[in-house]
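Peer 1: One structure coming up, written as structure tokens, with questions to follow.
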Protein chains: 2
Amino acid sequence: MTTKRVLILGAGFGGAFVARDLARLRRPDVEIEIVDQDNHFVFQPLLPEVAGGSVNAADAVTPLRLLLPGAMTSQGVVAGIDFARREVEIVQGARGERLRRARWDHLVLALGLETDLSRFPGLAGHAMTMRDLSDAFRLRNHVIFCLEQAEVAETMEERRRLLTFVIVGAGLSGIETAGEVAGMIGRGLRFYPRLRRDEPRIVVVEHLPRILPELTPRLADYAARNLQRRGVELVTGVGIRSAAAGSVELADGRVIQAQTVVATIGAAPSGLLNGLDLEKRKGRIVTDRFLAVPGHPGVWALGDAAAVPLDDGGIAPPTAQAAVRQARVLARNLVAALDGAAPVPIAFQSKGQLASLGARRGVASLFGHEFAGLFAWIMWRSFYLGMVPGWTTKVRVAVDWTMDALFPRNIVQIPQTTRRAVRRRRFRRGDLVFGRGEVTGPCYIVIDGRFERDDGRAITILEAGDLFGDGVLEGERLRRSTVRALDDSECLAIDPQDIAELAPVASTAALTRRNSGRRRSR
Amino acid sequence: MTTKRVLILGAGFGGAFVARDLARLRRPDVEIEIVDQDNHFVFQPLLPEVAGGSVNAADAVTPLRLLLPGAMTSQGVVAGIDFARREVEIVQGARGERLRRARWDHLVLALGLETDLSRFPGLAGHAMTMRDLSDAFRLRNHVIFCLEQAEVAETMEERRRLLTFVIVGAGLSGIETAGEVAGMIGRGLRFYPRLRRDEPRIVVVEHLPRILPELTPRLADYAARNLQRRGVELVTGVGIRSAAAGSVELADGRVIQAQTVVATIGAAPSGLLNGLDLEKRKGRIVTDRFLAVPGHPGVWALGDAAAVPLDDGGIAPPTAQAAVRQARVLARNLVAALDGAAPVPIAFQSKGQLASLGARRGVASLFGHEFAGLFAWIMWRSFYLGMVPGWTTKVRVAVDWTMDALFPRNIVQIPQTTRRAVRRRRFRRGDLVFGRGEVTGPCYIVIDGRFERDDGRAITILEAGDLFGDGVLEGERLRRSTVRALDDSECLAIDPQDIAELAPVASTAALTRRNSGRRRSR
């Protein structure tokens, strides 16, 4: 019996559910590996609740290993796909230094979407995003931080800026985030005696003429009225132009002073797909009705990253619902392909859409019926609680919801652990700093001691002040040399992105004048 | 009626409990302000449980605002104390840019301890610590990350290093951390099919001849046997010499290859006390038996930062128990001072000590009796659950413990949100970058556009490539100039610690050669 390897890239609704459906068959002739940079399946509809603090971050998601006991779970970053050799490059290791090549017989592309904010000057540098668990967790802690600092602010200007939260985009993610942040602030405010109830401003900016394009105008109207009654401002028909430190500029020239900008726009396919020879539609990988990628036998795609054809000539919407349905069909078709059986085509009919507005209100359209208010919110919670994979996670979420209903909203701020970009690293004599062929990481400046660099042709000795490991600036993906400490030595390690940003602008007029001054004073 | 201001620095057991005892009196003539860099009271005995994952980070601590509804809670960093003017300088604001001066009639120094690892080369750069909530939360996520990467490691060497966890120090904090990390690994391992049960190594290194000096030798023996049976290695009588990337060297020359080093040693008084004219004993502030600081009327100290005299001529131990007892007496004496009544002296008698070993075992000596095993562990949990302030937090902790008993250990890794040290910042025309008198923050290099610097004497125009705001390198605490954007402009912002570390070593031979090369290629 030959074992076939099914390699799944991405553990969102598409990837995780294909893996689960396949793993449940327990076929000894199928080896499943799923690769994701997180060790959990992210249940995106719950991220706004994490941001609002009604669900604990670690409870809102399901560990992949709990969900997929029959699959090999591989935490790492996909760096490249080689269709000719049927191999994927995965960056792994404690320092992200190792490039592993994973072979496939069947490859499932379930890479989802990323965020690209580059169209709006300053937005990438100043906005928070809401794509993964860290984002939601960071936003929760940041909102509490803003309340804390507003409480002790000394000018009205500072206070107003700290209490203004701009959410860019009024789709499902933007509206749910606005609703949950409003809920957090509304319930947290009782702990901040100096802040008046009418002071915090939550502004949702949407370039389309209305909010929630995913839902009918009637439901969107209800949602708009509900949010507005709770103090959320909705600015529709105007996109944003740019963001800056402490402010956002709208396309019509209005400037909103805000400490916090959350961008829920800019969904873009994974940058990994750019260089690949794949047919695309709106940036998404074109598949046939069996979810196979034409021209690439054994390659499949689904979910937000895939353009799956619908009966009407359109493509499937980038929703969890569509991805789950596709996963079911794809798991069947993978088995069919392994057994030499005929695949089944996908037929997708949206069952409807739900949105939670926070504060026990929601909107839903299901099977052609529309619901708004408390009942729709209960449906939302029941539906998603049913959909969260894994019993443990269901119970954890339900317990968190219960606790949040019984007690005041938890306003514990967990400070963001900031890793310094310039770090002091010590190496013992003989220690490997990095080896040839490893994935390029930080570059180093020697503080003290000596290092030996061996690039296969020559050996260089590096001493105090010398820079090494800087090949990343020339676009080096893998280390071309091996560096070891010759003595007990110390270095500064600088992340490649940091040095890359610094290098072009840090001219003699800037860093060097400074350096020489400092050197003399040592 | 004149209002008296009681200003409390630090919200550990000492500070938070003084504030609570005072606030409960609801005296209209007393205004209480408590300052801490976190917005919560940290219940340190629970930190190892956060690190081990049996309690959610946000549940293990009590928000100060929930605990102290009658006090003003001020999140900020204490930067200086001016005894002559009876003022404390507090750094606040969204960017940590504002220096607030808070006045006091009575000042309570409850600053606790910090960690100073500078005695051991490389330790500060390579070890994690266990002092606050972020530390515990970071360790939890890091342990899971190591298991994930060990599962996909390609060499035995890499795998062994990822699975070796060295804990430096075998006091209460070190032993409890070792026990909880062992518990997390023991219970998490079932999800990692490639890792054998005997592979993970947890090594506790202690320079004293035995572990748990806080407890009797008999209880320490029990704890040692229990931990050893669970696979924890105890290396006593040998301190560490240094740490390096991926290894720790012991004083006897042994080198342990380990990805993870946790330092629970190096407790040191707050650096803030260094410059102050205060009598100290072992670095702690000397008080009289009424907890007043001699020579400074209206200044009081308690907790780990204070050297409070005992009957036997010694000083009170740095324990939660002693701090809580001191807080009660200090609250009474503050009231007595306000009312012109006589203060009461402190009498402290330790009731005993408890330690949890994880995995449902503990040791305890209480009122002269000794307990070890399950019963001592239950006592530990009951005692600390009783001691956690705030009903909400008690219930949250109890629910977490129940969930952890019923379900598998939660192995969701929440990736650490890393803030880039070099960040792109955009400023709109007219925007203030920083103002004169603000606390010094990042320095900036202009990428694009123009800025105007006004230092009160002259106005300078800054253009692409220019560095500004770098006064921190000359030790400038407050900005000496105001900088505004003249156009819509962009900068790189670099954190002061980063540029300060970079500057002395980044010579022409390093960054500049690089720079000029890059500049030409633009």
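We name chains A, B, ... following the order of the structure tokens; residues begin at 1 in each chain, and ligands are numbered from 1 as shown.
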Would you mind listing what lies within 7 Å of stretch 220-227 of chain B as a PyMOL selection string, with only C-alpha atoms counted and same-chain residues fewer than 4 positions away left out?

Peer 2: chain B and resi 179+211-212+215-216+231-232+363

Peer 1: Residues of the last selection are to be written out with N, CA, C and O atoms, as a tab-separated table (two decimals), in the first residue's frame.

Peer 2:
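Result file follows (part09.tsv):
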chain	number	residue	atom	x	y	z
B	179	GLY	N	6.75	23.63	38.50
B	179	GLY	CA	5.64	22.70	38.66
B	179	GLY	C	4.55	22.94	37.63
B	179	GLY	O	4.02	22.00	37.03
B	211	ILE	N	16.24	23.43	47.70
B	211	ILE	CA	15.16	24.22	47.13
B	211	ILE	C	14.27	24.77	48.25
B	211	ILE	O	14.39	24.35	49.40
B	212	LEU	N	13.41	25.70	47.89
B	212	LEU	CA	12.41	26.27	48.79
B	212	LEU	C	12.95	26.70	50.16
B	212	LEU	O	12.48	26.20	51.19
B	215	LEU	N	10.66	27.32	53.17
B	215	LEU	CA	9.96	26.26	53.89
B	215	LEU	C	10.95	25.39	54.64
B	215	LEU	O	12.16	25.48	54.44
B	216	THR	N	10.43	24.52	55.50
B	216	THR	CA	11.30	23.65	56.29
B	216	THR	C	11.96	22.63	55.36
B	216	THR	O	11.44	22.31	54.29
B	231	GLY	N	9.69	14.27	36.73
B	231	GLY	CA	10.66	14.50	35.66
B	231	GLY	C	11.40	15.82	35.75
B	231	GLY	O	12.21	16.13	34.87
B	232	VAL	N	11.12	16.62	36.78
B	232	VAL	CA	11.83	17.90	36.91
B	232	VAL	C	13.21	17.62	37.52
B	232	VAL	O	13.32	16.94	38.54
B	363	VAL	N	2.77	21.86	49.24
B	363	VAL	CA	3.34	21.75	50.58
B	363	VAL	C	2.92	23.00	51.34
B	363	VAL	O	2.75	24.07	50.76

Peer 1: Excluding stretch 386-388 of chain B and its own-chain neighbours fewer than 3 positions away, which residues fall within 9 Å of it when counting only C-alpha atoms? Please give them as a list in words.

Peer 2: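 Skipping anything fewer than 3 positions along the chain leaves Phe43, Ala60, Val61, Thr62, Arg381, Ser382, Phe383, Trp391, Thr393, Lys394 and Val397 of chain B.
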
Peer 1: Just the strand (DSSP E or B) stuff from stretch 220-468 of chain A, please, per backbone DSSP, written as a ChimeraX atom specification.

Peer 2: /A:232-236,240-244,247-250,255-257,260-263,267-269,280-281,284-286,292,299-301,306-307,309,315,352-358,361-366,369-373,422-427,432-434,439,443-448,451-454,459-462,467-468

Peer 1: Limited to C-alpha atoms, could you put the picked residues into a file as a short mmCIF file (atom, residue, chain, number, x, y, z; two decimals), in the first residue's frame?

Peer 2:
data_model
loop_
_atom_site.label_atom_id
_atom_site.label_comp_id
_atom_site.auth_asym_id
_atom_site.auth_seq_id
_atom_site.Cartn_x
_atom_site.Cartn_y
_atom_site.Cartn_z
CA VAL A 232 -22.06 54.82 16.86
CA GLU A 233 -21.66 57.35 14.04
CA LEU A 234 -21.99 55.96 10.53
CA VAL A 235 -20.34 57.89 7.73
CA THR A 236 -21.38 56.27 4.43
CA ILE A 240 -10.93 57.38 3.60
CA ARG A 241 -8.05 59.15 1.89
CA SER A 242 -5.21 58.64 4.33
CA ALA A 243 -4.26 58.11 7.96
CA ALA A 244 -1.65 59.85 10.07
CA SER A 247 -5.94 61.32 12.70
CA VAL A 248 -7.78 60.01 9.66
CA GLU A 249 -8.61 62.03 6.57
CA LEU A 250 -11.76 61.20 4.61
CA VAL A 255 -10.26 65.06 9.25
CA ILE A 256 -11.15 63.02 12.31
CA GLN A 257 -8.78 63.25 15.27
CA THR A 260 -7.45 54.49 17.24
CA VAL A 261 -8.06 53.45 13.65
CA VAL A 262 -9.18 49.93 12.87
CA ALA A 263 -9.06 48.93 9.20
CA ALA A 267 -8.77 42.12 1.95
CA ALA A 268 -6.30 40.81 -0.61
CA PRO A 269 -5.19 37.35 -1.70
CA LYS A 280 -6.80 34.05 -11.32
CA ARG A 281 -10.02 36.01 -11.19
CA ARG A 284 -8.45 34.51 -6.47
CA ILE A 285 -7.35 31.13 -7.84
CA VAL A 286 -9.73 29.87 -10.51
CA ALA A 292 -9.56 21.33 -8.86
CA VAL A 299 -3.84 20.81 -6.89
CA TRP A 300 -7.08 22.06 -5.36
CA ALA A 301 -8.28 25.35 -3.96
CA ALA A 306 -10.38 30.50 -4.53
CA ALA A 307 -12.66 31.68 -7.34
CA PRO A 309 -17.68 29.04 -10.19
CA ILE A 315 -18.00 33.08 -8.17
CA GLY A 352 -28.43 33.49 4.49
CA GLN A 353 -26.34 35.74 6.62
CA LEU A 354 -26.20 36.79 10.26
CA ALA A 355 -24.60 39.72 11.99
CA SER A 356 -24.29 40.51 15.68
CA LEU A 357 -24.55 44.16 16.65
CA GLY A 358 -23.44 43.58 20.22
CA ARG A 361 -29.06 42.74 19.17
CA GLY A 362 -28.50 41.22 15.76
CA VAL A 363 -29.82 40.95 12.23
CA ALA A 364 -30.29 37.80 10.20
CA SER A 365 -31.65 36.70 6.88
CA LEU A 366 -32.13 32.95 6.74
CA HIS A 369 -36.78 35.24 6.10
CA GLU A 370 -35.54 38.31 7.88
CA PHE A 371 -35.02 38.76 11.60
CA ALA A 372 -33.82 41.70 13.63
CA GLY A 373 -33.33 42.36 17.32
CA VAL A 422 17.48 45.79 18.63
CA ARG A 423 18.41 43.05 21.04
CA ARG A 424 21.63 42.17 22.79
CA ARG A 425 22.57 38.55 22.03
CA ARG A 426 25.36 36.62 23.68
CA PHE A 427 27.11 33.65 22.06
CA LEU A 432 26.58 28.76 15.83
CA VAL A 433 25.02 32.14 15.11
CA PHE A 434 23.51 30.90 11.87
CA VAL A 439 16.39 31.18 6.36
CA CYS A 443 21.58 40.95 10.97
CA TYR A 444 24.18 41.48 13.64
CA ILE A 445 26.67 44.09 14.73
CA VAL A 446 29.55 42.80 16.86
CA ILE A 447 29.80 44.54 20.23
CA ASP A 448 32.49 42.44 21.79
CA PHE A 451 33.17 35.70 15.09
CA GLU A 452 34.22 33.59 12.13
CA ARG A 453 32.30 33.74 8.86
CA ASP A 454 32.74 30.89 6.42
CA ILE A 459 36.96 32.65 6.15
CA THR A 460 36.56 36.19 7.55
CA ILE A 461 37.11 37.24 11.13
CA LEU A 462 34.54 39.70 12.45
CA LEU A 467 28.17 44.03 10.54
CA PHE A 468 27.27 40.53 9.42
#

Peer 1: Which is closer to chain B than all the others in A:Asp252, A:Glu148, A:Glu114, A:Asp455, using only C-alpha atoms?

Peer 2: A:Glu148

Peer 1: Using only C-alpha atoms, pick whichever of A:Ile185, A:Ala245, A:Ala458, A:Met156 has the shortest atom-to-atom distance to chain B.

Peer 2: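 Using only C-alpha atoms, the shortest distance to chain B belongs to A:Ala245.
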
Peer 1: Using only C-alpha atoms, which protein or nucleic acid residues come within 7 Å of A:Phe165? Drop anything in the same chain fewer than 6 positions from it, and give the result as number ranges by chain.

Peer 2: A: 201-203, 258-261

Peer 1: Can you spit out the residues from that selection as a CSV table (one decimal), in the first residue's frame, using N, CA and C atoms?

Peer 2:
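The resulting result_30.csv:
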chain,number,residue,atom,x,y,z
A,201,ARG,N,-16.5,58.4,21.1
A,201,ARG,CA,-17.0,58.5,19.7
A,201,ARG,C,-16.5,57.2,19.0
A,202,ILE,N,-17.5,56.5,18.4
A,202,ILE,CA,-17.1,55.4,17.5
A,202,ILE,C,-17.6,55.7,16.2
A,203,VAL,N,-16.7,55.9,15.2
A,203,VAL,CA,-17.1,56.3,13.9
A,203,VAL,C,-16.8,55.2,12.9
A,258,ALA,N,-8.3,61.0,15.9
A,258,ALA,CA,-8.6,59.7,16.6
A,258,ALA,C,-7.3,59.0,17.0
A,259,GLN,N,-7.2,58.5,18.2
A,259,GLN,CA,-6.0,57.7,18.6
A,259,GLN,C,-6.1,56.3,17.9
A,260,THR,N,-7.3,55.9,17.7
A,260,THR,CA,-7.4,54.5,17.2
A,260,THR,C,-8.1,54.4,15.9
A,261,VAL,N,-7.5,53.7,15.0
A,261,VAL,CA,-8.1,53.4,13.7
A,261,VAL,C,-8.0,51.9,13.4

Peer 1: Ranking B:Arg131, B:Arg85, B:Arg409, B:Arg103 by minimum distance to B:Ile144 and counting only C-alpha atoms, which one comes first?

Peer 2: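 Of all the options, B:Arg409 lies closest to B:Ile144.
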
Peer 1: What gap, in Å, lies between atom CA of A:Val35 and atom CA of A:Leu330?

Peer 2: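 Between these atoms lies a distance of 17.3 Å.
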
Peer 1: Please determine, counting only C-alpha atoms, which residue among B:Asp288, B:Glu180, B:Asp36, B:Asp277 has the shortest atom-to-atom distance to chain A.

Peer 2: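 Closest to chain A of all the choices is B:Asp36.
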
Peer 1: Tell me, in Å to one decimal, how far atom CA of A:Ala153 is from atom CA of A:Arg138.

Peer 2: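 A separation of 21.7 Å between them.
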
Peer 1: Name the closest residue to chain A among the candidates B:Gly390, B:Gly237, B:Pro345, B:Pro121; distances are taken between atoms, counting only C-alpha atoms.

Peer 2: B:Pro121

Peer 1: So, with only C-alpha atoms as the atoms that count, which of B:Phe137, B:Phe407, B:Phe13, B:Trp104 lies closest to B:Val50?

Peer 2: B:Phe137

Peer 1: If you run DSSP over the backbone, which residues in stretch 371-412 of chain A end up alpha helix (DSSP H)? Put them as a PyMOL selection string.

Peer 2: chain A and resi 374-387+391-406

Peer 1: Calculate how many Å separate atom CA of B:Ala305 from atom CA of B:Leu113, rounding to one decimal.

Peer 2: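 Between atom CA of B:Ala305 and atom CA of B:Leu113 the gap works out to 6.2 Å.
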
Peer 1: Neighbours of A:Ala322 within 7 Å (only C-alpha atoms; same-chain residues fewer than 4 positions away dropped), as a PyMOL selection string?

Peer 2: chain A and resi 303+316-318+326+348

Peer 1: Okay, now the selection with N, CA, C and O atoms, as a PDB file, in the first residue's frame?

Peer 2:
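Saved to again.pdb:
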ATOM      1  N   GLY A 303     -12.248  28.183  -0.466  1.00  0.00           N
ATOM      2  CA  GLY A 303     -12.322  29.282   0.504  1.00  0.00           C
ATOM      3  C   GLY A 303     -12.105  30.643  -0.132  1.00  0.00           C
ATOM      4  O   GLY A 303     -12.250  30.807  -1.344  1.00  0.00           O
ATOM      5  N   ALA A 316     -18.191  32.051  -6.003  1.00  0.00           N
ATOM      6  CA  ALA A 316     -18.712  31.899  -4.645  1.00  0.00           C
ATOM      7  C   ALA A 316     -18.245  33.060  -3.781  1.00  0.00           C
ATOM      8  O   ALA A 316     -17.122  33.542  -3.931  1.00  0.00           O
ATOM      9  N   PRO A 317     -19.111  33.514  -2.861  1.00  0.00           N
ATOM     10  CA  PRO A 317     -18.720  34.637  -1.996  1.00  0.00           C
ATOM     11  C   PRO A 317     -17.646  34.191  -1.004  1.00  0.00           C
ATOM     12  O   PRO A 317     -17.549  33.011  -0.682  1.00  0.00           O
ATOM     13  N   PRO A 318     -16.842  35.142  -0.525  1.00  0.00           N
ATOM     14  CA  PRO A 318     -15.787  34.779   0.427  1.00  0.00           C
ATOM     15  C   PRO A 318     -16.340  34.675   1.849  1.00  0.00           C
ATOM     16  O   PRO A 318     -16.007  35.461   2.711  1.00  0.00           O
ATOM     17  N   GLN A 326     -17.659  24.020   0.543  1.00  0.00           N
ATOM     18  CA  GLN A 326     -16.596  23.603  -0.383  1.00  0.00           C
ATOM     19  C   GLN A 326     -15.706  22.537   0.250  1.00  0.00           C
ATOM     20  O   GLN A 326     -15.278  21.591  -0.407  1.00  0.00           O
ATOM     21  N   PHE A 348     -23.667  25.430  -4.564  1.00  0.00           N
ATOM     22  CA  PHE A 348     -23.728  26.243  -3.355  1.00  0.00           C
ATOM     23  C   PHE A 348     -24.890  27.196  -3.411  1.00  0.00           C
ATOM     24  O   PHE A 348     -25.092  27.910  -4.381  1.00  0.00           O
TER      25      PHE A 348
END

Peer 1: For A:Pro28, list every protein, DNA or RNA residue within 12 Å, evaluated using only C-alpha atoms, and leave out those in the same chain fewer than 6 positions away; present the list as a list in words.

Peer 2: Met1, Thr2, Thr3, Lys4, Arg5, Leu22, Gly70 and Ala71 of chain A

Peer 1: Save the residues we just selected, all heavy atoms, as a PDB file, in the first residue's frame?

Peer 2:
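The resulting result16.pdb:
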ATOM      1  N   MET A   1       0.843  -1.202   0.000  1.00  0.00           N
ATOM      2  CA  MET A   1       0.000   0.000   0.000  1.00  0.00           C
ATOM      3  C   MET A   1       0.878   1.252   0.000  1.00  0.00           C
ATOM      4  O   MET A   1       1.693   1.446   0.881  1.00  0.00           O
ATOM      5  CB  MET A   1      -0.865  -0.021   1.265  1.00  0.00           C
ATOM      6  CG  MET A   1      -1.891   1.074   1.295  1.00  0.00           C
ATOM      7  SD  MET A   1      -2.903   0.960   2.803  1.00  0.00           S
ATOM      8  CE  MET A   1      -1.746   1.400   4.074  1.00  0.00           C
ATOM      9  N   THR A   2       0.697   2.088  -0.980  1.00  0.00           N
ATOM     10  CA  THR A   2       1.444   3.342  -0.972  1.00  0.00           C
ATOM     11  C   THR A   2       0.600   4.423  -0.301  1.00  0.00           C
ATOM     12  O   THR A   2      -0.599   4.521  -0.531  1.00  0.00           O
ATOM     13  CB  THR A   2       1.770   3.817  -2.401  1.00  0.00           C
ATOM     14  OG1 THR A   2       0.560   3.824  -3.148  1.00  0.00           O
ATOM     15  CG2 THR A   2       2.784   2.909  -3.064  1.00  0.00           C
ATOM     16  N   THR A   3       1.275   5.201   0.553  1.00  0.00           N
ATOM     17  CA  THR A   3       0.578   6.275   1.251  1.00  0.00           C
ATOM     18  C   THR A   3       0.600   7.519   0.377  1.00  0.00           C
ATOM     19  O   THR A   3       1.618   7.846  -0.223  1.00  0.00           O
ATOM     20  CB  THR A   3       1.286   6.568   2.574  1.00  0.00           C
ATOM     21  OG1 THR A   3       1.421   5.335   3.275  1.00  0.00           O
ATOM     22  CG2 THR A   3       0.493   7.540   3.415  1.00  0.00           C
ATOM     23  N   LYS A   4      -0.529   8.195   0.304  1.00  0.00           N
ATOM     24  CA  LYS A   4      -0.602   9.449  -0.441  1.00  0.00           C
ATOM     25  C   LYS A   4      -0.619  10.605   0.551  1.00  0.00           C
ATOM     26  O   LYS A   4      -1.312  10.554   1.556  1.00  0.00           O
ATOM     27  CB  LYS A   4      -1.893   9.491  -1.277  1.00  0.00           C
ATOM     28  CG  LYS A   4      -1.960   8.411  -2.350  1.00  0.00           C
ATOM     29  CD  LYS A   4      -1.019   8.730  -3.486  1.00  0.00           C
ATOM     30  CE  LYS A   4      -1.179   7.704  -4.618  1.00  0.00           C
ATOM     31  NZ  LYS A   4      -0.197   7.900  -5.669  1.00  0.00           N
ATOM     32  N   ARG A   5       0.181  11.638   0.234  1.00  0.00           N
ATOM     33  CA  ARG A   5       0.242  12.806   1.119  1.00  0.00           C
ATOM     34  C   ARG A   5      -0.692  13.907   0.637  1.00  0.00           C
ATOM     35  O   ARG A   5      -0.552  14.397  -0.481  1.00  0.00           O
ATOM     36  CB  ARG A   5       1.654  13.411   1.135  1.00  0.00           C
ATOM     37  CG  ARG A   5       2.681  12.599   1.819  1.00  0.00           C
ATOM     38  CD  ARG A   5       3.818  13.514   2.287  1.00  0.00           C
ATOM     39  NE  ARG A   5       3.611  13.887   3.669  1.00  0.00           N
ATOM     40  CZ  ARG A   5       3.726  15.102   4.161  1.00  0.00           C
ATOM     41  NH1 ARG A   5       4.018  16.106   3.367  1.00  0.00           N
ATOM     42  NH2 ARG A   5       3.531  15.345   5.425  1.00  0.00           N
ATOM     43  N   LEU A  22     -11.503  14.792   6.015  1.00  0.00           N
ATOM     44  CA  LEU A  22     -10.612  13.709   5.540  1.00  0.00           C
ATOM     45  C   LEU A  22     -10.146  12.842   6.707  1.00  0.00           C
ATOM     46  O   LEU A  22     -10.145  11.608   6.615  1.00  0.00           O
ATOM     47  CB  LEU A  22      -9.371  14.304   4.888  1.00  0.00           C
ATOM     48  CG  LEU A  22      -9.324  14.456   3.376  1.00  0.00           C
ATOM     49  CD1 LEU A  22      -7.931  14.920   2.995  1.00  0.00           C
ATOM     50  CD2 LEU A  22      -9.679  13.159   2.666  1.00  0.00           C
ATOM     51  N   GLY A  70      -6.146  13.191  13.743  1.00  0.00           N
ATOM     52  CA  GLY A  70      -5.625  12.263  12.736  1.00  0.00           C
ATOM     53  C   GLY A  70      -4.676  12.893  11.734  1.00  0.00           C
ATOM     54  O   GLY A  70      -4.137  12.205  10.867  1.00  0.00           O
ATOM     55  N   ALA A  71      -4.462  14.217  11.821  1.00  0.00           N
ATOM     56  CA  ALA A  71      -3.627  14.895  10.829  1.00  0.00           C
ATOM     57  C   ALA A  71      -2.320  15.349  11.444  1.00  0.00           C
ATOM     58  O   ALA A  71      -2.217  15.497  12.656  1.00  0.00           O
ATOM     59  CB  ALA A  71      -4.371  16.102  10.258  1.00  0.00           C
TER      60      ALA A  71
END
